[in-house]
file final17.csv (CSV, C-alpha atoms and all ligand atoms)
chain,number,residue,atom,x,y,z
A,47,MET,CA,-279.8,20.7,-59.7
A,48,ASP,CA,-277.1,21.4,-62.3
A,49,ARG,CA,-273.8,22.9,-61.3
A,50,ILE,CA,-273.3,26.5,-62.6
A,51,PRO,CA,-269.9,26.8,-64.1
A,52,ILE,CA,-267.9,30.0,-63.8
A,53,THR,CA,-267.7,30.4,-67.6
A,54,LYS,CA,-268.6,28.5,-70.8
A,55,PRO,CA,-267.6,29.4,-74.3
A,56,VAL,CA,-270.2,29.4,-77.0
A,57,VAL,CA,-269.5,26.8,-79.7
A,58,THR,CA,-272.0,26.4,-82.5
A,59,GLU,CA,-272.2,24.1,-85.5
A,60,GLU,CA,-271.7,27.2,-87.7
A,61,MET,CA,-268.3,27.8,-86.0
A,62,ILE,CA,-267.3,24.2,-86.3
A,63,GLU,CA,-268.3,24.1,-90.0
A,64,ALA,CA,-266.5,27.3,-90.8
A,65,SER,CA,-263.3,25.8,-89.3
A,66,ALA,CA,-263.8,22.5,-91.2
A,67,GLN,CA,-264.4,24.4,-94.5
A,68,ALA,CA,-261.3,26.4,-94.0
A,69,LEU,CA,-259.3,23.2,-93.5
A,70,ARG,CA,-260.8,21.7,-96.6
A,71,ASP,CA,-260.5,24.7,-98.9
A,72,GLU,CA,-257.7,27.0,-97.8
A,73,ARG,CA,-254.0,26.9,-96.9
A,74,ILE,CA,-253.8,25.5,-93.4
A,75,VAL,CA,-251.4,28.2,-92.3
A,76,LEU,CA,-251.9,31.8,-93.5
A,77,GLY,CA,-255.0,31.0,-95.5
A,78,GLU,CA,-257.6,33.5,-96.7
A,79,SER,CA,-259.6,33.4,-93.4
A,80,VAL,CA,-256.6,34.7,-91.4
A,81,PHE,CA,-256.5,37.9,-93.5
A,82,LYS,CA,-260.3,38.3,-93.5
A,83,PHE,CA,-260.4,37.9,-89.7
A,84,GLU,CA,-257.7,40.5,-89.3
A,85,GLU,CA,-259.5,42.9,-91.5
A,86,GLU,CA,-262.8,42.4,-89.7
A,87,PHE,CA,-261.2,42.7,-86.3
A,88,ALA,CA,-259.3,45.9,-87.2
A,89,ARG,CA,-262.6,47.4,-88.5
A,90,TYR,CA,-264.4,46.3,-85.3
A,91,ILE,CA,-261.8,47.8,-83.0
A,92,GLY,CA,-261.4,50.9,-85.2
A,93,THR,CA,-257.7,50.6,-86.1
A,94,ASP,CA,-256.0,50.5,-89.5
A,95,TYR,CA,-254.2,47.2,-88.8
A,96,ALA,CA,-254.7,43.9,-86.9
A,97,ILE,CA,-252.1,41.2,-86.9
A,98,SER,CA,-253.2,37.8,-85.6
A,99,VAL,CA,-250.8,35.7,-83.5
A,100,SER,CA,-250.9,32.5,-81.5
A,101,SER,CA,-251.8,33.8,-78.1
A,102,GLY,CA,-252.5,37.0,-76.1
A,103,THR,CA,-249.1,36.5,-74.4
A,104,ASP,CA,-247.4,36.5,-77.8
A,105,ALA,CA,-249.4,39.6,-78.9
A,106,LEU,CA,-247.9,41.4,-75.9
A,107,ILE,CA,-244.4,40.0,-76.4
A,108,LEU,CA,-244.2,40.9,-80.1
A,109,ALA,CA,-245.7,44.3,-79.5
A,110,MET,CA,-243.0,45.1,-77.0
A,111,ILE,CA,-240.2,43.7,-79.1
A,112,ALA,CA,-241.5,46.0,-81.9
A,113,LEU,CA,-241.4,48.9,-79.5
A,114,ASN,CA,-237.9,48.0,-78.5
A,115,VAL,CA,-238.2,47.9,-74.8
A,116,ARG,CA,-235.0,45.9,-74.4
A,117,ALA,CA,-233.0,47.0,-71.4
A,118,LYS,CA,-235.7,49.6,-70.6
A,119,GLU,CA,-238.6,49.7,-68.1
A,120,VAL,CA,-242.3,49.2,-68.8
A,121,ILE,CA,-244.8,50.4,-66.2
A,122,THR,CA,-247.6,48.1,-65.5
A,123,THR,CA,-250.0,46.8,-62.8
A,124,PRO,CA,-249.2,43.9,-60.4
A,125,PHE,CA,-252.9,42.9,-60.4
A,126,SER,CA,-253.4,41.0,-63.6
A,127,PHE,CA,-252.8,37.7,-65.2
A,128,VAL,CA,-249.1,37.0,-64.9
A,129,ALA,CA,-248.5,37.1,-68.7
A,130,THR,CA,-249.0,40.9,-68.5
A,131,ALA,CA,-245.6,41.3,-66.8
A,132,THR,CA,-243.9,38.2,-68.0
A,133,SER,CA,-244.3,39.4,-71.6
A,134,ILE,CA,-242.2,42.5,-70.7
A,135,ILE,CA,-239.4,40.2,-69.5
A,136,HIS,CA,-239.5,38.1,-72.6
A,137,ALA,CA,-239.1,41.2,-74.7
A,138,GLY,CA,-236.0,42.1,-72.7
A,139,GLY,CA,-237.5,44.8,-70.5
A,140,THR,CA,-238.1,45.2,-66.8
A,141,PRO,CA,-241.6,45.5,-65.4
A,142,ILE,CA,-242.1,48.4,-63.0
A,143,PHE,CA,-245.3,47.9,-61.0
A,144,VAL,CA,-247.7,50.6,-60.0
A,145,ASP,CA,-250.5,49.9,-57.6
A,146,ILE,CA,-254.2,49.9,-58.6
A,147,LEU,CA,-257.4,51.8,-57.9
A,148,GLU,CA,-260.4,50.3,-56.3
A,149,ASP,CA,-261.7,49.1,-59.7
A,150,GLY,CA,-258.6,47.0,-60.1
A,151,ASN,CA,-257.0,49.1,-62.8
A,152,ILE,CA,-253.7,50.9,-62.6
A,153,ASN,CA,-253.7,54.1,-60.6
A,154,PRO,CA,-252.6,56.9,-62.9
A,155,SER,CA,-251.7,59.2,-60.0
A,156,LEU,CA,-248.9,56.8,-58.9
A,157,ILE,CA,-247.2,56.7,-62.3
A,158,ARG,CA,-243.7,58.1,-62.1
A,159,LEU,CA,-241.7,58.2,-65.3
A,160,THR,CA,-237.9,57.9,-65.3
A,161,ARG,CA,-235.3,58.1,-68.0
A,162,GLU,CA,-235.5,54.3,-68.3
A,163,THR,CA,-239.3,54.3,-69.0
A,164,ALA,CA,-239.9,52.9,-72.5
A,165,ALA,CA,-243.7,52.3,-72.3
A,166,ILE,CA,-246.8,51.9,-70.1
A,167,MET,CA,-249.0,48.9,-70.2
A,168,PRO,CA,-252.4,49.4,-68.6
A,169,VAL,CA,-254.7,46.4,-68.4
A,170,HIS,CA,-258.5,46.8,-68.9
A,171,LEU,CA,-259.1,44.4,-66.0
A,172,TYR,CA,-262.2,42.3,-66.0
A,173,GLY,CA,-263.3,44.1,-69.2
A,174,TYR,CA,-263.5,47.5,-67.4
A,175,PRO,CA,-261.5,50.2,-69.3
A,176,ALA,CA,-258.5,51.7,-67.4
A,177,CYS,CA,-258.4,55.5,-66.9
A,178,MET,CA,-256.8,56.2,-70.3
A,179,ASP,CA,-257.1,60.0,-70.3
A,180,GLU,CA,-255.3,60.2,-66.9
A,181,ILE,CA,-252.7,57.7,-68.0
A,182,ILE,CA,-251.9,59.6,-71.2
A,183,GLU,CA,-251.8,62.8,-69.1
A,184,ALA,CA,-249.4,61.2,-66.6
A,185,ALA,CA,-247.2,59.9,-69.3
A,186,PRO,CA,-247.1,62.2,-72.3
A,187,ASP,CA,-244.8,61.1,-75.1
A,188,THR,CA,-244.6,57.6,-73.7
A,189,ARG,CA,-245.7,54.6,-75.8
A,190,ILE,CA,-248.8,52.9,-74.5
A,191,ILE,CA,-249.6,49.3,-75.0
A,192,GLU,CA,-253.1,48.4,-73.9
A,193,ASP,CA,-253.5,44.9,-72.5
A,194,ALA,CA,-257.0,44.5,-73.8
A,195,CYS,CA,-256.9,40.7,-73.4
A,196,GLN,CA,-260.1,40.9,-71.3
A,197,ALA,CA,-261.8,43.8,-73.0
A,198,HIS,CA,-263.0,42.8,-76.5
A,199,GLY,CA,-265.5,45.5,-77.4
A,200,ALA,CA,-265.2,47.7,-74.3
A,201,ILE,CA,-265.6,51.4,-75.0
A,202,TYR,CA,-263.8,54.4,-73.4
A,203,ASN,CA,-264.9,57.9,-74.5
A,204,GLY,CA,-266.2,56.7,-77.8
A,205,LYS,CA,-263.2,54.5,-78.7
A,206,ARG,CA,-262.8,50.8,-78.4
A,207,CYS,CA,-260.2,49.5,-76.0
A,208,GLY,CA,-257.2,48.5,-78.2
A,209,SER,CA,-257.5,51.6,-80.3
A,210,ILE,CA,-256.5,54.3,-77.8
A,211,GLY,CA,-252.8,53.7,-77.1
A,212,ASP,CA,-250.1,52.9,-79.7
A,213,ILE,CA,-250.9,49.2,-79.7
A,214,GLY,CA,-253.7,47.0,-78.4
A,215,CYS,CA,-253.3,43.3,-77.5
A,216,PHE,CA,-256.1,40.7,-77.3
A,217,SER,CA,-256.3,37.1,-76.2
A,218,PHE,CA,-258.7,34.5,-77.7
A,219,TYR,CA,-258.2,32.0,-74.9
A,220,PRO,CA,-261.5,30.1,-74.7
A,221,THR,CA,-262.8,31.9,-71.5
A,222,LYS,CA,-262.5,35.3,-73.1
A,223,ASN,CA,-265.4,37.3,-74.4
A,224,MET,CA,-264.7,35.8,-77.8
A,225,THR,CA,-262.5,32.9,-78.8
A,226,VAL,CA,-261.0,31.3,-81.9
A,227,GLY,CA,-261.7,27.7,-80.7
A,228,GLY,CA,-258.3,27.4,-79.0
A,229,ASP,CA,-255.3,29.6,-78.1
A,230,GLY,CA,-254.9,32.8,-80.2
A,231,GLY,CA,-254.3,36.5,-80.0
A,232,ILE,CA,-254.3,39.7,-82.1
A,233,VAL,CA,-252.4,43.0,-82.1
A,234,THR,CA,-254.2,46.2,-83.2
A,235,THR,CA,-252.5,49.5,-84.2
A,236,ASN,CA,-252.8,52.5,-86.5
A,237,ASP,CA,-249.0,52.5,-87.0
A,238,LYS,CA,-248.0,51.0,-90.3
A,239,CYS,CA,-244.4,50.4,-89.4
A,240,LEU,CA,-245.3,48.7,-86.1
A,241,ALA,CA,-247.8,46.6,-87.9
A,242,GLU,CA,-245.2,45.5,-90.4
A,243,ASP,CA,-242.7,44.7,-87.8
A,244,ILE,CA,-245.1,42.7,-85.7
A,245,ARG,CA,-246.3,40.7,-88.7
A,246,LYS,CA,-242.6,39.9,-89.6
A,247,LEU,CA,-241.8,38.9,-86.0
A,248,SER,CA,-244.8,36.6,-85.9
A,249,ASN,CA,-243.8,34.9,-89.2
A,250,CYS,CA,-240.2,33.8,-88.5
A,251,GLY,CA,-238.8,37.2,-89.2
A,252,ARG,CA,-239.4,36.8,-92.9
A,253,THR,CA,-239.0,39.6,-95.4
A,254,SER,CA,-239.7,37.1,-98.2
A,255,ARG,CA,-240.0,33.3,-98.4
A,256,TYR,CA,-236.3,32.6,-97.8
A,257,GLU,CA,-235.0,35.9,-96.3
A,258,HIS,CA,-235.2,36.8,-92.6
A,259,ASP,CA,-233.9,40.2,-91.5
A,260,VAL,CA,-234.9,39.9,-87.8
A,261,PHE,CA,-235.0,37.1,-85.2
A,262,GLY,CA,-238.6,36.1,-85.5
A,263,PHE,CA,-241.0,33.6,-84.0
A,264,THR,CA,-243.5,31.1,-85.3
A,265,SER,CA,-246.5,32.8,-83.8
A,266,ARG,CA,-249.3,32.7,-86.4
A,267,LEU,CA,-253.0,32.1,-85.9
A,268,ASN,CA,-254.0,29.0,-87.7
A,269,THR,CA,-256.5,29.3,-90.6
A,270,ALA,CA,-259.1,27.1,-89.0
A,271,ASN,CA,-259.0,29.2,-85.8
A,272,ALA,CA,-259.4,32.4,-87.8
A,273,ALA,CA,-262.4,31.0,-89.5
A,274,PHE,CA,-263.9,30.1,-86.1
A,275,GLY,CA,-263.1,33.6,-84.8
A,276,ARG,CA,-264.8,35.3,-87.8
A,277,VAL,CA,-268.1,33.7,-86.8
A,278,GLN,CA,-267.5,34.5,-83.1
A,279,LEU,CA,-266.8,38.2,-83.9
A,280,ARG,CA,-270.2,38.6,-85.5
A,281,HIS,CA,-271.8,37.6,-82.1
A,282,LEU,CA,-269.5,39.7,-79.9
A,283,ASP,CA,-271.7,42.8,-79.5
A,284,ASP,CA,-274.8,40.7,-78.6
A,285,TRP,CA,-272.8,38.6,-76.2
A,286,ASN,CA,-271.3,41.7,-74.5
A,287,GLU,CA,-274.8,43.2,-74.2
A,288,ARG,CA,-276.0,40.0,-72.6
A,289,ARG,CA,-273.1,40.1,-70.2
A,290,ARG,CA,-273.9,43.7,-69.2
A,291,SER,CA,-277.5,42.8,-68.7
A,292,LEU,CA,-276.6,39.8,-66.5
A,293,ALA,CA,-274.2,42.1,-64.6
A,294,ARG,CA,-277.0,44.6,-64.0
A,295,HIS,CA,-279.2,41.8,-62.8
A,296,TYR,CA,-276.6,40.6,-60.3
A,297,SER,CA,-276.0,44.2,-59.0
A,298,GLU,CA,-279.7,44.9,-58.6
A,299,ARG,CA,-280.2,41.7,-56.7
A,300,LEU,CA,-277.2,42.2,-54.4
A,301,LYS,CA,-277.5,45.9,-53.9
A,302,ASP,CA,-278.6,45.6,-50.3
A,303,VAL,CA,-276.0,43.2,-49.2
A,304,SER,CA,-273.8,45.6,-47.2
A,305,GLU,CA,-270.9,43.1,-46.8
A,306,ILE,CA,-270.2,43.1,-50.5
A,307,LYS,CA,-268.7,45.7,-52.8
A,308,LEU,CA,-270.2,45.5,-56.3
A,309,PRO,CA,-268.3,46.3,-59.5
A,310,SER,CA,-269.0,49.5,-61.4
A,311,LEU,CA,-271.6,49.1,-64.2
A,312,GLY,CA,-269.9,51.9,-66.2
A,313,THR,CA,-271.0,55.3,-67.2
A,314,HIS,CA,-272.2,57.0,-70.4
A,315,ASN,CA,-268.5,57.2,-71.5
A,316,VAL,CA,-267.1,54.0,-70.1
A,317,VAL,CA,-268.8,50.9,-71.4
A,318,PRO,CA,-267.4,47.7,-69.8
A,319,VAL,CA,-267.8,44.2,-71.3
A,320,PHE,CA,-267.8,42.2,-68.1
A,321,HIS,CA,-265.3,39.6,-69.0
A,322,LEU,CA,-265.7,38.8,-65.3
A,323,TYR,CA,-268.3,39.9,-62.7
A,324,VAL,CA,-266.1,40.4,-59.6
A,325,ILE,CA,-267.4,41.3,-56.2
A,326,ASN,CA,-265.2,42.1,-53.2
A,327,CYS,CA,-265.8,40.9,-49.6
A,328,ASN,CA,-263.8,40.3,-46.5
A,329,ASP,CA,-264.8,36.6,-46.1
A,330,ARG,CA,-264.2,35.7,-49.8
A,331,ASP,CA,-263.0,32.1,-49.2
A,332,ALA,CA,-265.9,31.2,-46.9
A,333,LEU,CA,-268.5,32.7,-49.3
A,334,ALA,CA,-266.8,30.8,-52.2
A,335,ASN,CA,-267.0,27.6,-50.1
A,336,HIS,CA,-270.7,28.2,-49.4
A,337,LEU,CA,-271.4,28.6,-53.2
A,338,ALA,CA,-269.3,25.6,-54.1
A,339,THR,CA,-271.2,23.4,-51.6
A,340,ASN,CA,-274.4,24.6,-53.2
A,341,GLY,CA,-273.4,23.9,-56.8
A,342,VAL,CA,-272.0,27.2,-57.9
A,343,ASP,CA,-268.4,27.5,-59.2
A,344,THR,CA,-266.5,30.7,-58.6
A,345,ALA,CA,-262.9,31.8,-59.2
A,346,THR,CA,-260.4,34.2,-57.9
A,347,HIS,CA,-258.8,36.8,-60.2
A,348,TYR,CA,-256.2,37.0,-58.8
A,349,PRO,CA,-255.2,35.3,-55.5
A,350,ILE,CA,-251.5,36.1,-55.9
A,351,PRO,CA,-250.5,39.5,-57.3
A,352,ILE,CA,-247.7,39.3,-59.8
A,353,HIS,CA,-245.1,40.9,-57.6
A,354,LEU,CA,-245.7,38.1,-55.0
A,355,GLN,CA,-245.4,35.2,-57.5
A,356,PRO,CA,-242.4,33.1,-56.7
A,357,ALA,CA,-240.5,33.9,-59.9
A,358,TYR,CA,-240.9,37.7,-59.4
A,359,ARG,CA,-240.1,37.7,-55.7
A,360,GLU,CA,-236.9,35.9,-56.3
A,361,VAL,CA,-235.6,37.8,-59.4
A,362,TYR,CA,-236.8,41.3,-58.5
A,363,ASP,CA,-236.4,41.1,-54.7
A,364,LEU,CA,-240.1,41.9,-54.1
A,365,GLY,CA,-242.2,41.1,-51.1
A,366,PRO,CA,-245.5,41.9,-49.3
A,367,GLY,CA,-246.5,45.4,-48.5
A,368,LYS,CA,-245.2,47.1,-51.7
A,369,TYR,CA,-248.6,47.4,-53.5
A,370,PRO,CA,-251.2,47.4,-50.7
A,371,GLN,CA,-254.3,47.9,-52.8
A,372,SER,CA,-253.4,44.9,-55.1
A,373,GLU,CA,-252.6,42.8,-52.1
A,374,HIS,CA,-255.9,43.7,-50.5
A,375,MET,CA,-257.9,42.9,-53.6
A,376,SER,CA,-256.1,39.6,-54.0
A,377,THR,CA,-257.8,38.6,-50.7
A,378,THR,CA,-261.2,40.0,-51.3
A,379,ALA,CA,-262.0,39.5,-55.1
A,380,LEU,CA,-264.4,36.8,-56.0
A,381,SER,CA,-265.5,36.1,-59.6
A,382,LEU,CA,-269.1,34.9,-60.0
A,383,PRO,CA,-270.4,33.0,-63.0
A,384,LEU,CA,-270.9,35.1,-66.1
A,385,PHE,CA,-271.1,34.0,-69.7
A,386,PRO,CA,-273.6,34.7,-72.5
A,387,GLU,CA,-275.6,31.5,-72.1
A,388,LEU,CA,-276.1,32.0,-68.3
A,389,GLU,CA,-279.8,32.4,-67.5
A,390,TYR,CA,-281.3,35.1,-65.3
A,391,GLU,CA,-282.8,32.3,-63.1
A,392,GLN,CA,-279.3,31.0,-62.5
A,393,VAL,CA,-278.2,34.5,-61.4
A,394,ASP,CA,-281.2,34.6,-59.1
A,395,ARG,CA,-280.2,31.2,-57.6
A,396,ILE,CA,-276.6,32.5,-57.0
A,397,CYS,CA,-277.8,35.8,-55.5
A,398,ASP,CA,-280.3,33.9,-53.2
A,399,LEU,CA,-277.4,31.8,-51.9
A,400,ILE,CA,-275.3,34.9,-51.3
A,401,ILE,CA,-278.2,36.7,-49.5
A,402,ASP,CA,-278.9,33.5,-47.4
A,403,TYR,CA,-275.2,33.3,-46.5
A,404,TYR,CA,-275.1,36.8,-45.2
A,405,GLU,CA,-278.4,36.4,-43.3
A,406,GLU,CA,-276.7,33.6,-41.4
A,407,ASN,CA,-273.2,35.0,-41.2
A,408,GLY,CA,-273.5,38.8,-41.5
A,501,LIG,C1,-254.9,40.5,-68.8
A,501,LIG,C2,-254.4,39.3,-69.6
A,501,LIG,N1,-253.2,39.5,-70.2
A,501,LIG,C3,-252.6,38.5,-71.0
A,501,LIG,C4,-253.2,37.3,-71.1
A,501,LIG,C5,-252.6,36.3,-71.9
A,501,LIG,O1,-253.3,35.7,-73.0
A,501,LIG,P1,-253.1,34.2,-73.4
A,501,LIG,O2,-253.6,33.3,-72.4
A,501,LIG,O3,-253.9,34.1,-74.7
A,501,LIG,O4,-251.7,34.1,-73.7
A,501,LIG,C6,-254.5,37.1,-70.5
A,501,LIG,C7,-255.3,35.9,-70.7
A,501,LIG,O5,-255.1,34.8,-70.3
A,501,LIG,C8,-255.1,38.1,-69.7
A,501,LIG,O6,-256.2,38.0,-69.1
call {"tool": "encode", "arguments": {"input": "final17.csv", "output": "structure tokens"}}
result
Amino acid sequence: MDRIPITKPVVTEEMIEASAQALRDERIVLGESVFKFEEEFARYIGTDYAISVSSGTDALILAMIALNVRAKEVITTPFSFVATATSIIHAGGTPIFVDILEDGNINPSLIRLTRETAAIMPVHLYGYPACMDEIIEAAPDTRIIEDACQAHGAIYNGKRCGSIGDIGCFSFYPTKNMTVGGDGGIVTTNDKCLAEDIRKLSNCGRTSRYEHDVFGFTSRLNTANAAFGRVQLRHLDDWNERRRSLARHYSERLKDVSEIKLPSLGTHNVVPVFHLYVINCNDRDALANHLATNGVDTATHYPIPIHLQPAYREVYDLGPGKYPQSEHMSTTALSLPLFPELEYEQVDRICDLIIDYYEENG
């Protein structure tokens, strides 16, 4: 029987041909496809502007440089991909961690603003929107950068993630809900000045061909990648619907396994996009081994919370015990396979294996 991978990007001839055509017909850097992709992505998210860049990490870094967080603090979660916090450091700021709720997102009731707080960066973890209303309430008049790198298309109270705060940042890394056929990222905003600053920062700090009035980066999305992304974007809603449907199927099949905590399927107002389908259980590693032995790949997002990563422990003098919910989830979270081309029969096979495992080990 074939192994079931944890994820698999959709790559079609149409996407490959769109990239090839862009290479043949357009400027290789900053060609027409880049601007069309930005326009279409901004329209999809519901913002006035979108500026494409070369990764999700760069999207976050440039967003925070534009917000001028240098020598200030940015509140964020320790339970995310490490780039969430590292981007704050690259922008000259200091990450201040706040522990999470049971759904893995930042806990608004633990947010404490200080005179040094420049911004808050919630992450819509696994494609599940963070509690944005409560975050805004806990931090009025504070800039909000949404790390929407896992949440392309997710909806919170009628708005797409990435259009709720001051700035939204997305990644197009190939495992994400949509990709550009390589690394890439995009920043969304309704603020014209921020949009102009971020575009300038991404393009060597240029005001014109030979004039540079800020210290910029070379962080542009290549034309061929933008052309690829335009085709992907047209499929995003269908793929997200498929992810939700597969997630419902998992949850229906696993609902009686008392040893497992299942992820929320959302509500009328909160529509997740299941970048990942993550269950929580106390014997995570043993269950992962059982699935691996039987041909099912799994992953752990994330086995080491950011504050316990070696670089952070050393520089910020952090250690275990500070963010208990994050530390707990780092030992219990298990990501099961989920991607648009996954078949319902494959979900059945995975669920049968989990049910068998707990019949023997429960
Ligand atoms: C939550 C989160 N933030 C930031 C990033 C960084 O994006 P990239 O890998 O495109 O730099 C990722 C993706 O890997 C992510 O999942």
call {"tool": "residues_around", "arguments": {"input": "final17.csv", "residues": "Asn203 of chain A", "least_positions_apart": "2", "cutoff": "7 Å", "atoms": "all atoms listed in the file", "output": "ChimeraX atom specification"}}
result
/A:201,205,315-316
call {"tool": "closest_residue", "arguments": {"input": "final17.csv", "among": "A:Gly92, A:Gly173, A:Pro366, A:Pro51", "to": "ligand LIG 501 (chain A)", "atoms": "all atoms listed in the file"}}
result
A:Gly173
call {"tool": "closest_atom_pairs", "arguments": {"input": "final17.csv", "of": "chain A", "to": "ligand LIG 501 (chain A)", "cutoff": "9 Å", "atoms": "all atoms listed in the file", "output": "JSON lines"}}
result
{"residue": "A:Ser100", "atom": "CA", "partner": "A:LIG501", "partner_atom": "O3", "distance": 7.6}
{"residue": "A:Ser101", "atom": "CA", "partner": "A:LIG501", "partner_atom": "O3", "distance": 4.0}
{"residue": "A:Gly102", "atom": "CA", "partner": "A:LIG501", "partner_atom": "O1", "distance": 3.5}
{"residue": "A:Thr103", "atom": "CA", "partner": "A:LIG501", "partner_atom": "O4", "distance": 3.6}
{"residue": "A:Asp104", "atom": "CA", "partner": "A:LIG501", "partner_atom": "O4", "distance": 6.4}
{"residue": "A:Ala105", "atom": "CA", "partner": "A:LIG501", "partner_atom": "O4", "distance": 7.9}
{"residue": "A:Leu106", "atom": "CA", "partner": "A:LIG501", "partner_atom": "C3", "distance": 7.4}
{"residue": "A:Phe125", "atom": "CA", "partner": "A:LIG501", "partner_atom": "C1", "distance": 9.0}
{"residue": "A:Ser126", "atom": "CA", "partner": "A:LIG501", "partner_atom": "C1", "distance": 5.4}
{"residue": "A:Phe127", "atom": "CA", "partner": "A:LIG501", "partner_atom": "C2", "distance": 4.9}
{"residue": "A:Val128", "atom": "CA", "partner": "A:LIG501", "partner_atom": "N1", "distance": 7.2}
{"residue": "A:Ala129", "atom": "CA", "partner": "A:LIG501", "partner_atom": "C3", "distance": 4.9}
{"residue": "A:Thr130", "atom": "CA", "partner": "A:LIG501", "partner_atom": "N1", "distance": 4.7}
{"residue": "A:Ala131", "atom": "CA", "partner": "A:LIG501", "partner_atom": "N1", "distance": 8.5}
{"residue": "A:Ser133", "atom": "CA", "partner": "A:LIG501", "partner_atom": "C3", "distance": 8.4}
{"residue": "A:Val169", "atom": "CA", "partner": "A:LIG501", "partner_atom": "C1", "distance": 5.9}
{"residue": "A:His170", "atom": "CA", "partner": "A:LIG501", "partner_atom": "C1", "distance": 7.3}
{"residue": "A:Leu171", "atom": "CA", "partner": "A:LIG501", "partner_atom": "C1", "distance": 6.4}
{"residue": "A:Tyr172", "atom": "CA", "partner": "A:LIG501", "partner_atom": "O6", "distance": 8.0}
{"residue": "A:Asp193", "atom": "CA", "partner": "A:LIG501", "partner_atom": "N1", "distance": 5.9}
{"residue": "A:Ala194", "atom": "CA", "partner": "A:LIG501", "partner_atom": "C1", "distance": 6.7}
{"residue": "A:Cys195", "atom": "CA", "partner": "A:LIG501", "partner_atom": "C2", "distance": 4.8}
{"residue": "A:Gln196", "atom": "CA", "partner": "A:LIG501", "partner_atom": "O6", "distance": 5.3}
{"residue": "A:Ala197", "atom": "CA", "partner": "A:LIG501", "partner_atom": "C1", "distance": 8.7}
{"residue": "A:Cys215", "atom": "CA", "partner": "A:LIG501", "partner_atom": "C3", "distance": 8.1}
{"residue": "A:Phe216", "atom": "CA", "partner": "A:LIG501", "partner_atom": "O1", "distance": 7.2}
{"residue": "A:Ser217", "atom": "CA", "partner": "A:LIG501", "partner_atom": "O3", "distance": 4.1}
{"residue": "A:Phe218", "atom": "CA", "partner": "A:LIG501", "partner_atom": "O3", "distance": 5.7}
{"residue": "A:Tyr219", "atom": "CA", "partner": "A:LIG501", "partner_atom": "O3", "distance": 4.8}
{"residue": "A:Pro220", "atom": "CA", "partner": "A:LIG501", "partner_atom": "O3", "distance": 8.6}
{"residue": "A:Thr221", "atom": "CA", "partner": "A:LIG501", "partner_atom": "O5", "distance": 8.3}
{"residue": "A:Lys222", "atom": "CA", "partner": "A:LIG501", "partner_atom": "C7", "distance": 7.6}
{"residue": "A:Asp229", "atom": "CA", "partner": "A:LIG501", "partner_atom": "O3", "distance": 5.8}
{"residue": "A:Gly230", "atom": "CA", "partner": "A:LIG501", "partner_atom": "O3", "distance": 5.7}
{"residue": "A:Gly231", "atom": "CA", "partner": "A:LIG501", "partner_atom": "O3", "distance": 5.8}
call {"tool": "closest_residue", "arguments": {"input": "final17.csv", "among": "A:Val342, A:Leu364, A:Leu156, A:Leu311", "to": "Asp48 of chain A", "atoms": "all atoms listed in the file"}}
result
A:Val342
call {"tool": "residues_around", "arguments": {"input": "final17.csv", "residues": "Ile350 of chain A", "least_positions_apart": "2", "cutoff": "12 Å", "atoms": "all atoms listed in the file", "output": "MDAnalysis selection string"}}
result
chainID A and resid 124:128 346:348 352:359 365:366 369 372:379
call {"tool": "closest_residue", "arguments": {"input": "final17.csv", "among": "A:Asn328, A:Asn223, A:Asn249, A:Asn151", "to": "Leu384 of chain A", "atoms": "all atoms listed in the file"}}
result
A:Asn223
call {"tool": "atom_distance", "arguments": {"input": "final17.csv", "atom1": "atom CA of Glu391 of chain A", "atom2": "atom CA of Gly312 of chain A"}}
result
23.7 Å
call {"tool": "atom_distance", "arguments": {"input": "final17.csv", "atom1": "atom CA of Asn153 of chain A", "atom2": "atom CA of Arg189 of chain A"}}
result
17.2 Å
call {"tool": "atom_distance", "arguments": {"input": "final17.csv", "atom1": "atom CA of Phe263 of chain A", "atom2": "atom CA of Ser248 of chain A"}}
result
5.2 Å
call {"tool": "closest_residue", "arguments": {"input": "final17.csv", "among": "A:Tyr390, A:Tyr90, A:Tyr256, A:Tyr174", "to": "Leu282 of chain A", "atoms": "all atoms listed in the file"}}
result
A:Tyr90
call {"tool": "closest_residue", "arguments": {"input": "final17.csv", "among": "A:Ser381, A:Ser155, A:Ile134, A:Asp179", "to": "Pro309 of chain A", "atoms": "all atoms listed in the file"}}
result
A:Ser381
call {"tool": "decode", "arguments": {"input": "final17.csv", "residues": "segment 173-178 of chain A", "atoms": "N, CA and C atoms", "output": "compact mmCIF listing (two decimals), in the first residue's frame"}}
result
# COMPACT_ATOMS: atom_id res chain seq x y z
N GLY A 173 -4.18 27.63 10.41
CA GLY A 173 -5.28 28.11 9.56
C GLY A 173 -6.53 28.43 10.35
N TYR A 174 -6.41 28.46 11.70
CA TYR A 174 -7.57 28.78 12.55
C TYR A 174 -7.43 30.23 13.05
N PRO A 175 -8.39 31.10 12.72
CA PRO A 175 -8.23 32.52 13.08
C PRO A 175 -8.06 32.73 14.59
N ALA A 176 -7.12 33.60 14.94
CA ALA A 176 -6.94 34.01 16.34
C ALA A 176 -8.14 34.86 16.75
N CYS A 177 -8.30 35.06 18.08
CA CYS A 177 -9.46 35.84 18.60
C CYS A 177 -9.20 37.33 18.36
N MET A 178 -9.43 37.78 17.16
CA MET A 178 -9.02 39.14 16.80
C MET A 178 -9.80 40.22 17.58
